[in-house]
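Peer 1: Structure provided below as structure tokens; questions to follow.
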Amino acid sequence: MWNFPLLPEQASTVAPHVDLLYFFQVGVSLFFSVLIFATILYFTYHYREGSNIDRSRPIAQSLLLETTWMGIPFVFGMIMFFWGAALFYVDYEAPPGALDVSVVAKQWMWYIQHSQGRAEINELHVPLGQPVKLTMTSQDVIHSFYIPAFRVKQDVLPGRYTSLWFEPTKVGRYHLFCAEYCGTNHSAMGGWVEVMEPADYERWLAEGGTGPSMAQEGEKLFVQHHCAGCHRGSQTVHAPRLEGVFGKSVPIQEGKDVHFVTADVTYIRDSILRPKSQVVAGFEPLMPSFEGQISEPDLLRIIAYIKSIAGEETPQ
Amino acid sequence: MHHHVATIKTNLIIFGLLMLLLVATVGAAELPLGPLNFPVAMLIAATKTVLIIFYFMHLTGTDKLTKTIVGTMFLWLVLMILMIMMDYLSRDWLQILGK
Amino acid sequence: MSTTVLDQTAAAGHKPPKPHRETYLDAWTVKSWLLTTDHKRIGILYLISITVFFLIGGVAATTMRLELMTPKGDLLSSPDAYNRMFTLHGVAMIFFFLVPSIPATLGNFLLPLMIGARDLAFPIINLMSWYMYMIGGSIAIAIILFGGIDTGWTFYTPFSTMFSNTLVVPAAFAVFFAGFSSIFTGFNFIVTVHTMRAPGMTWFRLPLFIWAHYATSLIMILGTPVLAIAVMLIAVERLLRVGIFDPALGGDPILFQHLFWFYSHPAVYIMVLPGMGVISEIVPCFSRRPIFGYRFIAYSSIALAILGFIVWGHHLFVSGQSMYAGLVFSFLSFLVAVPSAIKVFNWTATMHKGAIRFDTPMLYAIGFIGLFTVGGLTGIMLSTLAVDVHLHDTYFVVAHFHYVMVGGAVLAYLGGLHFWWPKITGRMYPEMFGKLSALAVFIGFNFTFFPQFILGYLGMPRRYFEYAPEFQVLNVMSTAGASVLAFGYGLPLIYFLWSLRKPPSAPANPWQATGLEWQTESPPPTHNFEFTPKVEKAPYSYSPVAVEGFDGYGDHGSH
Amino acid sequence: MDTATMGHTDAAAGSALIPLLSHQFDDVEQQSYSSILGMWIFLATEVMFFGGLLTSFGIYRYLHPHEFALASHNLYMWWGFVNTIVLLTSSLTMALAVRASQLGRRTELVRLLLATMVLGTCFLGVKAIEYTTDYHEHLIPGLNFEVPEHQLGEVVERGLDPRMMQMFFVLYFFMTMLHAIHLIIGIGMLGVMAYLAHINWFSGGGAVQIEVGGLYWHFIDIVWVFLFPLLYLISGK
Ligand code: HEA
Ligand code: HEA
Ligand code: CUA
Ligand SMILES: [Cu+2]
């Protein structure tokens with residue numbers, strides 16, 4: 001309890017980069033703070049009232065000095081901006097092939113499900129050295145998913161997907177916090193991120209029993225909600241097959257015009273909740289809305305299913 | 001301070017122009033201009049505003065300071081709208097979820 | 001403000017005060033206070049009211065700090081109680097203390113005096129402003145009595161509109177009224193500065209205190225109405241349960257964040273610009289030399305007011321705002337460093353070749369410069385995208401804003417109070433205790449909030465009732481520091497009141513300062529000046545050691 | 001105009017033609033200028049006040065154009081049109097009232113002010129009719145909002161979001177009511193001015209006071225000039 005760390009652990013690929021920038025900034029800040037403190041101390045001592053010192057020709061203004069001390073902070077500022085912006089970019093672009101994990105926040109817990117199917121609450125198990133991508137949403141208010149050891153944070157909003165990715169570099173147990181104030185038990189809405197050796201992770205996944213994967217659960221839901229009735233080559237309804245849709249460009253009919261939209265998770269979500277807002281060209285707007293009928297975790301499962309058949313050929 | 005008093009004729013001309021512009025807005029709304037409908041409507045409203053401010057509110061007769069104030073207030077309004085819009089317009093430019 | 005005038009007043013200062021001089025403090029009936037339209041009296045009314053809110057906010061802070069001594073919640077009965085505490089603390093400190101602090105007290109009192117006017121342009125509106133504040137303040141106090149509010153001072157939706165079951169709607173109205181009181185103040189200041197300057201008081205002879213208040217007023221009139229409308233939208237959504245910001249009803253919660261910060265970022269300059277104005281008065285006076293780079297300081301106030309309006313998105317880097325918007329807002333935030341740097345460096349340079357005295361106001365001013373620099377530089381760290389991803393909503397942010405608001409604005413406010421206390425009340429405060437308080441505040445402050453930077457980088461989120469055990473040491477340090485800080489604040493409260501017990505005896509110009517306000521008696525007569533002041537020189541023409549070659553700030557044309 | 005150069009003169013000896021001078025001002029010139037400048041600055045605040053709503057409206061309209069267009073078709077464009085004419089006419093009478101006050105024509109001034117008030121009241125009357133119709137058509141959010149029957153088909157067919165149609169009406173009512181409140185204040189203010197002009201209370205003829213009141217009145221008009229196309233004329237074809 002009486003340990004006195006100055007830095008959280010560095011346990012992700014971006015952590016050292018963020019720390020480096022941070023130390024640079026601490027250095028710059030120290031430099032300017034010390035500069036100003038020291039100058040003030042020197043002046044107040046040297047030019048204290050009554051000291052016998054040359055006070056002739058004090059300067060009242062100097063364009064040269066002013067431009068200097070406007071210019072220097074500006075230059076440092078630009079360095080920090082570009083450095084920070086570049087890192088930020090990297091921070092957010094998940095590498096391809098990242099492990100998919102979905103996160104649903106609600107007052108005051110985190111419901112997390114791995115694509116292999118195992119679900120957990122307030123804990124997140126991840127394998128070492130493997131990029132992980134979280135797709136997150138909230139059922140009520142705004143929360144924020146925060147892992148200090150990874151230097152990542154992202155608000156989790158109701159009615160919308162946000163994402164976060166990281167690649168753990170150190171086996172261990174790290175804090176998971178909710179960083180956006182969300183009501184009574186905001187401070188209790190956290191848990192642990194457990195980084196494991198890949199083999200341990202596989203074992204851990206298997207421990208949950210050889211239950212269905214998220215996609216398999218999604219497929220079951222796909223049938224339960226009668227999606228399959230239309231989307232698997234129905235005789236009565238002309239509906240698009242969903243194989244190979246995910247990640248592709250989809251033509252959307254907008255009045256007389258057609259424009260293309262990438263079928264990402266947000267698109268699939270909208271297609272299910274408000275199907276008629278984006279009607280695929282060549283189809284009638286027959287699909288009913290499932291707003292309020294499918295829970296957030298189930299939605300994510302269905303999406304996982306549709307994603308899982310992204311590689312398949314569309315049977316015609 | 002002492003602007004010259006605007007004549008009744010000036011007032012009536014401005015009023016006439018305002019009426020014309022009003023008819024123009026309604027007319028323009030009926031035209032199939034597509035995405036241009038909105039900017040056209042706003043342009044007409046802005047023109048009406050300019051007429052009202054300059055003539056009914058006598059901005060023509062006032063000093064630079066008052067004109068600056070008027071300029072600033074509309075500039076700030078536009079600034080707020082545009083900068084908030086900036087967020088919404090650029091959402092999903094990157095194919096990164098939630099960015 | 002020619003040297004001859006200066007000599008005159010210095011001489012007047014040493015004369016014993018005339019026995020039956022009429023001052024603005026003469027009437028003591030309740031009516032004479034509650035219906036006064038005298039800017040000086042309204043300043044006093046504000047002074048009393050905001051002190052009440054500072055104490056309320058301070059009690060809440062103390063409770064929070066005590067609660068945070070241990071990782072488990074044990075002092076307060078429930079997390080809800082804690083949540084109400086920090087909301088109360090934030091709302092009281094921001095809307096009811098710091099926003100009106102310098103402008104509505106010192107600003108109200110001094111602005112007409114400094115420009116040589118008899119009052120503000122609209123005295124009745126000035127009184128109305130105080131009543132608006134009191135309506136808002138009464139609602140705020142009623143909220144405390146009837147159960148509090150737990151949304152945080154930022155009122156984020158949809159929590160505030162659909163989930164909180166506390167008194168959000170009354171709070172929205174409290175903020176609304178406080179906002180309009182601030183708008184009225186700002187509006188009055190702008191008109192007064194434009195139309196009521198004394199003969200010869202050109203723009204570049206205005207004290208920098210006035211420039212700072214002018215810039216502040218711009219923010220007040222252009223930013224505050226947006227906050228007013230944002231809280232009204234919250235009230236509507238909450239009362240009628242119709243969708244505006246709640247995604248479940250089709251709204252977008254980020255729109256609220258935009259509207260809120262469109263005001264609340266500029267508002268941080270409402271809080272600190274007047275403080276910068278105070279420092280710009282104190283530093284040259286106690287350095288006994290003209291301020292360095294007058295024009296740059298003046299322009300930088302306006303620059304801060306303008307730039308301050310276009311950086312608000314730096315509060316939204318991880319909120320789900322688009323990345324491009326984040327890039328733009330981050331970039332603009334770095335530009336804000338430039339006008340801030342101008343001020344810091346120019347104040348420092350003003351001490352060069354001065355004859356520096358260490359009276360209490362100067363000690364506070366030096367504290368301000370140092371702590372504002374640290375606070376500002378950490379603000380710069382927060383506006384760096386990748387770093388803010390880690391630091392957002394942690395104690396690093398809490399430390400940052402206390403450095404700028406407490407280390408900055410509150411220190412400036414206290415410095416200003418000491419500086420003008422003789423003018424306002426006609427009494428001197430005990431110098432020894434003054435120095436002691438400045439020292440205690442400086443040390444206590446750093447002990448309270450420096451550990452929070454470390455806590456923040458370690459990852460302790462803010463608004464936490466309970467926290468992980470490894471954060472305890474730093475939290476205990478912080479609480480210990482807060483008690484020193486409270487002591488430091490307690491002192492002036494006591495000795496200022498104590499100084500009132502004797503009749504006025506302060507000289508007109510105890511600091512031998514050059515501003516117009518020092519040319520009239522202490523306390524000033526009701527109509528401010530016995531004579532119509534005429535201004536003939538640039539401000540800050542201090543020349544105890546005969547500043548050679550100084551004849552103003554390049555203002556030759558307008559002589 | 002820089003008053004610093006105007007010089008502080010001792011207040012001129014009282015004369016019936018010179019308006020009352022408040023103690024804080026040096027002369028009438030300074031006082032009038034301050035009042036008018038003050039009103040302009042207050043209007044800047046008002047612009048940002050309505051601006052917050054306009055921004056919200058703009059964002060949601062951008063995000064949900066079809067719903068907003070459809071919802072807007074429930075408003076009766078011609079009522080809005082008539083009201084615009086009424087309000088623009090009131091601006092004309094207001095401008096003429098200012099003119100009358102400048103020329104010192106008291107009876108004309110009172111009549112024009114009354115005319116302006118009557119027109120303002122007409123506007124409110126029309127608004128009241130509209131609100132009642134909205135009530136009967138179940139268009140009031142928080143009270144009785146339902147998507148109108150004749151639009152249900154289109155809503156279902158095009159998969160529009162009824163919540164966003166309600167959002168349109170939330171903002172519609174908020175904006176028009178805020179506007180109406182301003183108008184009511186304006187009418188009250190003109191009433192007081194007309195009375196004061198009638199009893200010849202204004203020591204200087206009231207030109208400045210009427211001018212300041214006029215600025216406010218014209219501002220209300222300008223707000224409506226924007227609200228009308230924004231709310232009534234969304235073409236969603
Ligand atoms: C008086 C109040 C005040 C002031 C003046 C400032 C000033 C600044 N603030 Fe701060 N801020 C707050 C009050 C204030 N802030 C509050 C209350 C919050 C939290 C709100 C909440 O969420 O509850 C906050 C939060 C906050 C955030 C959001 C953090 C988060 O939630 O993630 C950011 C991010 O950019 C930020 C940035 C800045 C910047 C860039 C400045 C700049 O203006 C600072 C400029 C000054 C300097 C830079 C120092 C002087 C310059 C030099 C010595 C030259 C050398 C400089 C360089 C080399 C760059 N602030
Ligand atoms: C002007 C603004 C202002 C001021 C002056 C202060 C002053 C202080 N603040 Fe405040 N603070 C905020 C603005 C301010 N704060 C804001 C906006 C927040 C965010 C709220 C939110 O999240 O919504 C915040 C949040 C905040 C937190 C984070 C809470 C959390 O996130 O969980 C903490 C924790 O330490 C804290 C502490 C303090 C302390 C110890 C002081 C001390 O400086 C106060 C000391 C003052 C007194 C103690 C009263 C006067 C003293 C006496 C009369 C002497 C006698 C009294 C005693 C002996 C008790 N503040
Ligand atoms: Cu969830 Cu805080
Ligand atoms: Cu900010």
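Labeling convention for the structure tokens: chains A, B, ... as they appear, residues from 1 per chain, ligands from 1 in order of appearance.
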Please provide as a PyMOL selection string all residues within 10 Å of Leu25 in chain C, with the sequence filter that same-chain residues fewer than 4 positions apart are discarded (counting only C-alpha atoms).
Peer 2: chain C and resi 32-33+40-41+424-426+523-526
Peer 1: Generate a file of the selected residues that holds C-alpha atoms, formatted as a short mmCIF file (atom, residue, chain, number, x, y, z; two decimals), in the first residue's frame.
Peer 2:
data_model
loop_
_atom_site.label_atom_id
_atom_site.label_comp_id
_atom_site.auth_asym_id
_atom_site.auth_seq_id
_atom_site.Cartn_x
_atom_site.Cartn_y
_atom_site.Cartn_z
CA SER C 32 -29.76 52.10 1.06
CA TRP C 33 -27.96 48.86 0.34
CA LYS C 40 -19.16 50.56 -5.45
CA ARG C 41 -21.93 49.39 -3.20
CA ILE C 424 -12.64 49.88 -0.85
CA THR C 425 -12.93 50.12 2.91
CA GLY C 426 -10.50 52.82 3.91
CA PRO C 523 -13.01 55.14 0.62
CA PRO C 524 -14.15 57.13 -2.39
CA PRO C 525 -16.93 59.69 -2.24
CA THR C 526 -20.30 58.65 -3.70
#
Peer 1: Just want the residues within 10 Å of ligand 3, written as an MDAnalysis selection string, counting only C-alpha atoms and all ligand atoms.
Peer 2: (chainID A and resid 105:110 138 140:145 155:156 177:190) or (chainID C and resid 461:464)
Peer 1: Sort by chain and increasing residue number a table of all residues of chain C within 6 Å of chain B, each with its closest pair of atoms and their distance in Å to one decimal, counting only C-alpha atoms, and write it as CSV.
Peer 2:
residue,atom,partner,partner_atom,distance
C:Gly320,CA,B:Gly98,CA,5.5
C:Ser322,CA,B:Lys99,CA,4.6
C:Met323,CA,B:Lys99,CA,5.3
C:Ala325,CA,B:Asp87,CA,5.1
Peer 1: Can I get the selected residues back with N, CA, C and O atoms, as a PDB file, in the first residue's frame?
Peer 2:
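What landed in result-v7.pdb:
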ATOM      1  N   GLY C 320     -16.243  10.778 -28.820  1.00  0.00           N
ATOM      2  CA  GLY C 320     -16.970  10.308 -29.990  1.00  0.00           C
ATOM      3  C   GLY C 320     -17.124  11.418 -31.012  1.00  0.00           C
ATOM      4  O   GLY C 320     -17.770  11.248 -32.033  1.00  0.00           O
ATOM      5  N   SER C 322     -15.709  13.650 -34.083  1.00  0.00           N
ATOM      6  CA  SER C 322     -14.923  13.135 -35.197  1.00  0.00           C
ATOM      7  C   SER C 322     -13.436  13.444 -34.998  1.00  0.00           C
ATOM      8  O   SER C 322     -13.076  14.422 -34.352  1.00  0.00           O
ATOM      9  N   MET C 323     -12.615  12.600 -35.552  1.00  0.00           N
ATOM     10  CA  MET C 323     -11.180  12.775 -35.344  1.00  0.00           C
ATOM     11  C   MET C 323     -10.681  14.074 -35.976  1.00  0.00           C
ATOM     12  O   MET C 323      -9.822  14.745 -35.429  1.00  0.00           O
ATOM     13  N   ALA C 325     -12.333  16.882 -36.306  1.00  0.00           N
ATOM     14  CA  ALA C 325     -12.662  17.984 -35.405  1.00  0.00           C
ATOM     15  C   ALA C 325     -11.649  18.007 -34.267  1.00  0.00           C
ATOM     16  O   ALA C 325     -11.156  19.063 -33.877  1.00  0.00           O
TER      17      ALA C 325
END
Peer 1: Could you list, as an MDAnalysis selection string, the residues of chain D having an atom within 8 Å of chain C when counting only C-alpha atoms?
Peer 2: chainID D and resid 2:8 23:25 30 33:34 37:38 41:42 44:46 48:53 56 141:143 163:164 166:167 170
Peer 1: Show me which bits of chain A are within 6 Å of chain B, counting only C-alpha atoms, as a list of chain:residue names.
Peer 2: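 Residues satisfying the distance criterion: A:Tyr161, A:Thr162, A:Ser163.
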Peer 1: Would you mind exporting the chosen residues as a CSV table (one decimal), in the first residue's frame, restricted to all heavy atoms?
Peer 2:
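This is the output file selection25.csv:
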chain,number,residue,atom,x,y,z
A,161,TYR,N,-22.0,2.9,-31.9
A,161,TYR,CA,-20.8,2.1,-31.6
A,161,TYR,C,-19.6,3.0,-31.6
A,161,TYR,O,-19.4,3.9,-32.5
A,161,TYR,CB,-20.7,1.1,-32.7
A,161,TYR,CG,-21.7,0.0,-32.6
A,161,TYR,CD1,-22.4,-0.5,-33.7
A,161,TYR,CD2,-21.9,-0.7,-31.4
A,161,TYR,CE1,-23.3,-1.5,-33.6
A,161,TYR,CE2,-22.8,-1.7,-31.3
A,161,TYR,CZ,-23.6,-2.1,-32.4
A,161,TYR,OH,-24.5,-3.1,-32.3
A,162,THR,N,-18.8,2.8,-30.6
A,162,THR,CA,-17.4,3.4,-30.7
A,162,THR,C,-16.4,2.2,-30.6
A,162,THR,O,-16.8,1.1,-30.2
A,162,THR,CB,-17.2,4.4,-29.6
A,162,THR,OG1,-17.5,3.8,-28.3
A,162,THR,CG2,-18.0,5.7,-29.8
A,163,SER,N,-15.2,2.5,-30.9
A,163,SER,CA,-14.2,1.4,-30.8
A,163,SER,C,-12.9,1.8,-30.2
A,163,SER,O,-12.7,3.0,-30.0
A,163,SER,CB,-14.0,0.9,-32.3
A,163,SER,OG,-13.3,1.9,-33.0
Peer 1: Give me, as JSON lines, the closest atom pair and its distance (Å, one decimal) for every residue of chain B within a cut-off of 9 Å of chain D, counting only C-alpha atoms, rows sorted by chain and rising number.
Peer 2:
{"residue": "B:Met1", "atom": "CA", "partner": "D:Tyr33", "partner_atom": "CA", "distance": 6.7}
{"residue": "B:Val5", "atom": "CA", "partner": "D:Arg99", "partner_atom": "CA", "distance": 6.3}
{"residue": "B:Ala6", "atom": "CA", "partner": "D:Arg99", "partner_atom": "CA", "distance": 6.8}
{"residue": "B:Thr7", "atom": "CA", "partner": "D:Arg99", "partner_atom": "CA", "distance": 8.0}
{"residue": "B:Ile8", "atom": "CA", "partner": "D:Leu96", "partner_atom": "CA", "distance": 7.1}
{"residue": "B:Asn11", "atom": "CA", "partner": "D:Leu92", "partner_atom": "CA", "distance": 6.8}
{"residue": "B:Leu12", "atom": "CA", "partner": "D:Leu92", "partner_atom": "CA", "distance": 7.5}
{"residue": "B:Ile14", "atom": "CA", "partner": "D:Leu92", "partner_atom": "CA", "distance": 8.6}
{"residue": "B:Phe15", "atom": "CA", "partner": "D:Leu92", "partner_atom": "CA", "distance": 6.4}
{"residue": "B:Leu18", "atom": "CA", "partner": "D:Leu88", "partner_atom": "CA", "distance": 7.5}
{"residue": "B:Met19", "atom": "CA", "partner": "D:Ile85", "partner_atom": "CA", "distance": 7.2}
{"residue": "B:Leu22", "atom": "CA", "partner": "D:Thr84", "partner_atom": "CA", "distance": 7.9}
{"residue": "B:Val23", "atom": "CA", "partner": "D:Phe81", "partner_atom": "CA", "distance": 8.8}
{"residue": "B:Thr25", "atom": "CA", "partner": "D:Pro229", "partner_atom": "CA", "distance": 7.2}
{"residue": "B:Val26", "atom": "CA", "partner": "D:Leu233", "partner_atom": "CA", "distance": 7.2}
{"residue": "B:Ala29", "atom": "CA", "partner": "D:Leu233", "partner_atom": "CA", "distance": 6.0}
{"residue": "B:Glu30", "atom": "CA", "partner": "D:Ser235", "partner_atom": "CA", "distance": 7.4}
{"residue": "B:Pro32", "atom": "CA", "partner": "D:Lys237", "partner_atom": "CA", "distance": 8.0}
{"residue": "B:Gly34", "atom": "CA", "partner": "D:Lys237", "partner_atom": "CA", "distance": 8.0}
{"residue": "B:Asn37", "atom": "CA", "partner": "D:Ser235", "partner_atom": "CA", "distance": 7.5}
{"residue": "B:Phe38", "atom": "CA", "partner": "D:Ile234", "partner_atom": "CA", "distance": 7.7}
{"residue": "B:Ala41", "atom": "CA", "partner": "D:Pro229", "partner_atom": "CA", "distance": 6.3}
{"residue": "B:Met42", "atom": "CA", "partner": "D:Phe226", "partner_atom": "CA", "distance": 7.3}
{"residue": "B:Ala45", "atom": "CA", "partner": "D:Phe226", "partner_atom": "CA", "distance": 5.8}
{"residue": "B:Ala46", "atom": "CA", "partner": "D:Phe226", "partner_atom": "CA", "distance": 8.0}
{"residue": "B:Lys48", "atom": "CA", "partner": "D:Val225", "partner_atom": "CA", "distance": 7.4}
{"residue": "B:Thr49", "atom": "CA", "partner": "D:Ile222", "partner_atom": "CA", "distance": 5.9}
{"residue": "B:Ile52", "atom": "CA", "partner": "D:His218", "partner_atom": "CA", "distance": 7.1}
{"residue": "B:Ile53", "atom": "CA", "partner": "D:His218", "partner_atom": "CA", "distance": 7.8}
{"residue": "B:Tyr55", "atom": "CA", "partner": "D:Ala95", "partner_atom": "CA", "distance": 8.6}
{"residue": "B:Phe56", "atom": "CA", "partner": "D:Ala95", "partner_atom": "CA", "distance": 5.4}
{"residue": "B:Met57", "atom": "CA", "partner": "D:Leu215", "partner_atom": "CA", "distance": 5.8}
{"residue": "B:His58", "atom": "CA", "partner": "D:Leu215", "partner_atom": "CA", "distance": 9.0}
{"residue": "B:Asp63", "atom": "CA", "partner": "D:Met1", "partner_atom": "CA", "distance": 6.3}
{"residue": "B:Lys64", "atom": "CA", "partner": "D:Met1", "partner_atom": "CA", "distance": 7.9}
{"residue": "B:Leu65", "atom": "CA", "partner": "D:Met1", "partner_atom": "CA", "distance": 7.7}
{"residue": "B:Thr66", "atom": "CA", "partner": "D:Leu37", "partner_atom": "CA", "distance": 6.8}
{"residue": "B:Ile69", "atom": "CA", "partner": "D:Ile41", "partner_atom": "CA", "distance": 7.0}
{"residue": "B:Val70", "atom": "CA", "partner": "D:Ala44", "partner_atom": "CA", "distance": 7.3}
{"residue": "B:Thr72", "atom": "CA", "partner": "D:Ala44", "partner_atom": "CA", "distance": 8.1}
{"residue": "B:Met73", "atom": "CA", "partner": "D:Ala44", "partner_atom": "CA", "distance": 5.1}
{"residue": "B:Phe74", "atom": "CA", "partner": "D:Val47", "partner_atom": "CA", "distance": 7.5}
{"residue": "B:Trp76", "atom": "CA", "partner": "D:Met48", "partner_atom": "CA", "distance": 7.7}
{"residue": "B:Leu77", "atom": "CA", "partner": "D:Gly51", "partner_atom": "CA", "distance": 6.0}
{"residue": "B:Val78", "atom": "CA", "partner": "D:Gly51", "partner_atom": "CA", "distance": 8.8}
{"residue": "B:Met80", "atom": "CA", "partner": "D:Thr55", "partner_atom": "CA", "distance": 7.6}
{"residue": "B:Ile81", "atom": "CA", "partner": "D:Thr55", "partner_atom": "CA", "distance": 5.4}
{"residue": "B:Leu82", "atom": "CA", "partner": "D:Thr55", "partner_atom": "CA", "distance": 8.9}
{"residue": "B:Ile84", "atom": "CA", "partner": "D:Thr55", "partner_atom": "CA", "distance": 8.0}
{"residue": "B:Met85", "atom": "CA", "partner": "D:Ile59", "partner_atom": "CA", "distance": 6.7}
{"residue": "B:Tyr88", "atom": "CA", "partner": "D:Ile59", "partner_atom": "CA", "distance": 7.7}
Peer 1: Please write the residues from the selection above to a file, keeping C-alpha atoms, as a compact mmCIF listing (two decimals), in the first residue's frame.
Peer 2:
# COMPACT_ATOMS: atom_id res chain seq x y z
CA MET B 1 -25.60 60.67 -33.13
CA VAL B 5 -34.09 61.41 -40.62
CA ALA B 6 -35.00 58.75 -43.15
CA THR B 7 -37.71 59.78 -45.56
CA ILE B 8 -41.02 58.00 -45.75
CA ASN B 11 -38.96 53.36 -45.67
CA LEU B 12 -41.60 52.39 -48.18
CA ILE B 14 -37.37 49.06 -48.19
CA PHE B 15 -40.70 47.67 -47.17
CA LEU B 18 -38.88 43.10 -48.18
CA MET B 19 -42.23 42.03 -49.56
CA LEU B 22 -40.72 37.35 -49.02
CA VAL B 23 -42.49 36.26 -52.17
CA THR B 25 -38.47 32.90 -50.55
CA VAL B 26 -41.78 31.16 -50.91
CA ALA B 29 -38.96 26.92 -51.87
CA GLU B 30 -41.22 25.57 -54.59
CA PRO B 32 -36.78 22.00 -57.50
CA GLY B 34 -32.42 20.16 -54.60
CA ASN B 37 -32.95 25.16 -51.67
CA PHE B 38 -31.59 25.73 -48.23
CA ALA B 41 -33.56 30.46 -48.54
CA MET B 42 -30.86 31.56 -46.14
CA ALA B 45 -33.29 35.79 -45.32
CA ALA B 46 -29.84 37.34 -44.96
CA LYS B 48 -33.86 40.83 -45.76
CA THR B 49 -31.85 41.12 -42.57
CA ILE B 52 -33.80 45.80 -42.01
CA ILE B 53 -30.56 46.40 -40.17
CA TYR B 55 -32.38 50.99 -43.10
CA PHE B 56 -34.97 50.32 -40.43
CA MET B 57 -32.38 50.07 -37.72
CA HIS B 58 -30.34 52.91 -39.21
CA ASP B 63 -20.35 54.83 -36.50
CA LYS B 64 -17.78 52.16 -37.11
CA LEU B 65 -18.11 50.74 -33.62
CA THR B 66 -21.78 49.87 -34.01
CA ILE B 69 -20.66 45.03 -33.17
CA VAL B 70 -23.23 43.99 -35.72
CA THR B 72 -19.20 40.48 -34.82
CA MET B 73 -22.51 39.13 -33.63
CA PHE B 74 -23.31 37.50 -36.91
CA TRP B 76 -19.95 34.60 -33.95
CA LEU B 77 -23.22 32.94 -34.81
CA VAL B 78 -21.78 31.60 -38.04
CA MET B 80 -20.59 28.53 -33.70
CA ILE B 81 -22.73 26.84 -36.31
CA LEU B 82 -19.83 26.04 -38.62
CA ILE B 84 -20.11 22.48 -34.40
CA MET B 85 -21.11 21.37 -37.89
CA TYR B 88 -20.86 16.24 -37.71
Peer 1: Tell me as a compact mmCIF listing (two decimals) with N, CA, C and O atoms, in the first residue's frame which residues belonging to chain A come within 7 Å of chain D, counting only C-alpha atoms.
Peer 2:
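Below is the file out05.txt, written as the result:
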# COMPACT_ATOMS: atom_id res chain seq x y z
N ARG A 274 -33.28 0.52 -38.18
CA ARG A 274 -34.07 1.42 -39.02
C ARG A 274 -33.84 1.06 -40.49
O ARG A 274 -33.20 1.80 -41.25
N PRO A 275 -34.35 -0.13 -40.90
CA PRO A 275 -34.00 -0.67 -42.22
C PRO A 275 -34.38 0.28 -43.36
O PRO A 275 -33.67 0.35 -44.36
N LYS A 276 -35.44 1.01 -43.19
CA LYS A 276 -35.91 1.78 -44.34
C LYS A 276 -35.15 3.07 -44.54
O LYS A 276 -35.34 3.77 -45.53
N SER A 277 -34.28 3.40 -43.58
CA SER A 277 -33.51 4.62 -43.80
C SER A 277 -32.43 4.39 -44.85
O SER A 277 -31.93 5.33 -45.44
Peer 1: Fewer than 4 positions away in the same chain doesn't count, so skip those; otherwise give me all residues within 12 Å of Val28 in chain A, counting only C-alpha atoms, as a PyMOL selection string.
Peer 2: (chain A and resi 21-24+32-35+72-73+75-77+79-80) or (chain C and resi 373-374+377-378+380-381)
Peer 1: Just to be explicit: take each residue in the selection above, keep C-alpha atoms, and write the result as a compact mmCIF listing (two decimals), in the first residue's frame.
Peer 2:
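See selection_36.txt below for the written result:
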# COMPACT_ATOMS: atom_id res chain seq x y z
CA LEU A 21 5.70 12.32 -25.62
CA TYR A 22 4.55 12.89 -22.07
CA PHE A 23 8.12 13.02 -20.80
CA PHE A 24 9.02 15.40 -23.56
CA PHE A 32 9.56 26.91 -18.83
CA SER A 33 8.38 26.70 -15.23
CA VAL A 34 11.91 26.71 -13.90
CA LEU A 35 12.86 29.47 -16.29
CA ILE A 72 9.33 29.83 -29.06
CA PRO A 73 6.11 28.59 -27.42
CA VAL A 75 7.28 26.24 -32.18
CA PHE A 76 7.14 23.96 -29.15
CA GLY A 77 3.39 23.90 -29.46
CA ILE A 79 6.02 20.04 -32.23
CA MET A 80 3.69 18.76 -29.56
CA THR C 373 2.41 28.86 -15.71
CA VAL C 374 2.31 25.35 -14.32
CA LEU C 377 1.57 24.18 -19.36
CA THR C 378 -0.36 21.19 -18.09
CA ILE C 380 -1.03 22.31 -23.08
CA MET C 381 -0.32 18.69 -22.26
Peer 1: Could you list, as a PyMOL selection string, all the residues within 7 Å of ligand 1, counting only C-alpha atoms and all ligand atoms?
Peer 2: (chain A and resi 28-29+32-33+72-74+76-77) or (chain C and resi 153-154+268-269+271-272+314-315+330+333-334+336-338+340-341+344+372-377+379-380+382-384+388+391-393+397-398+400-401+404-405+408-409)
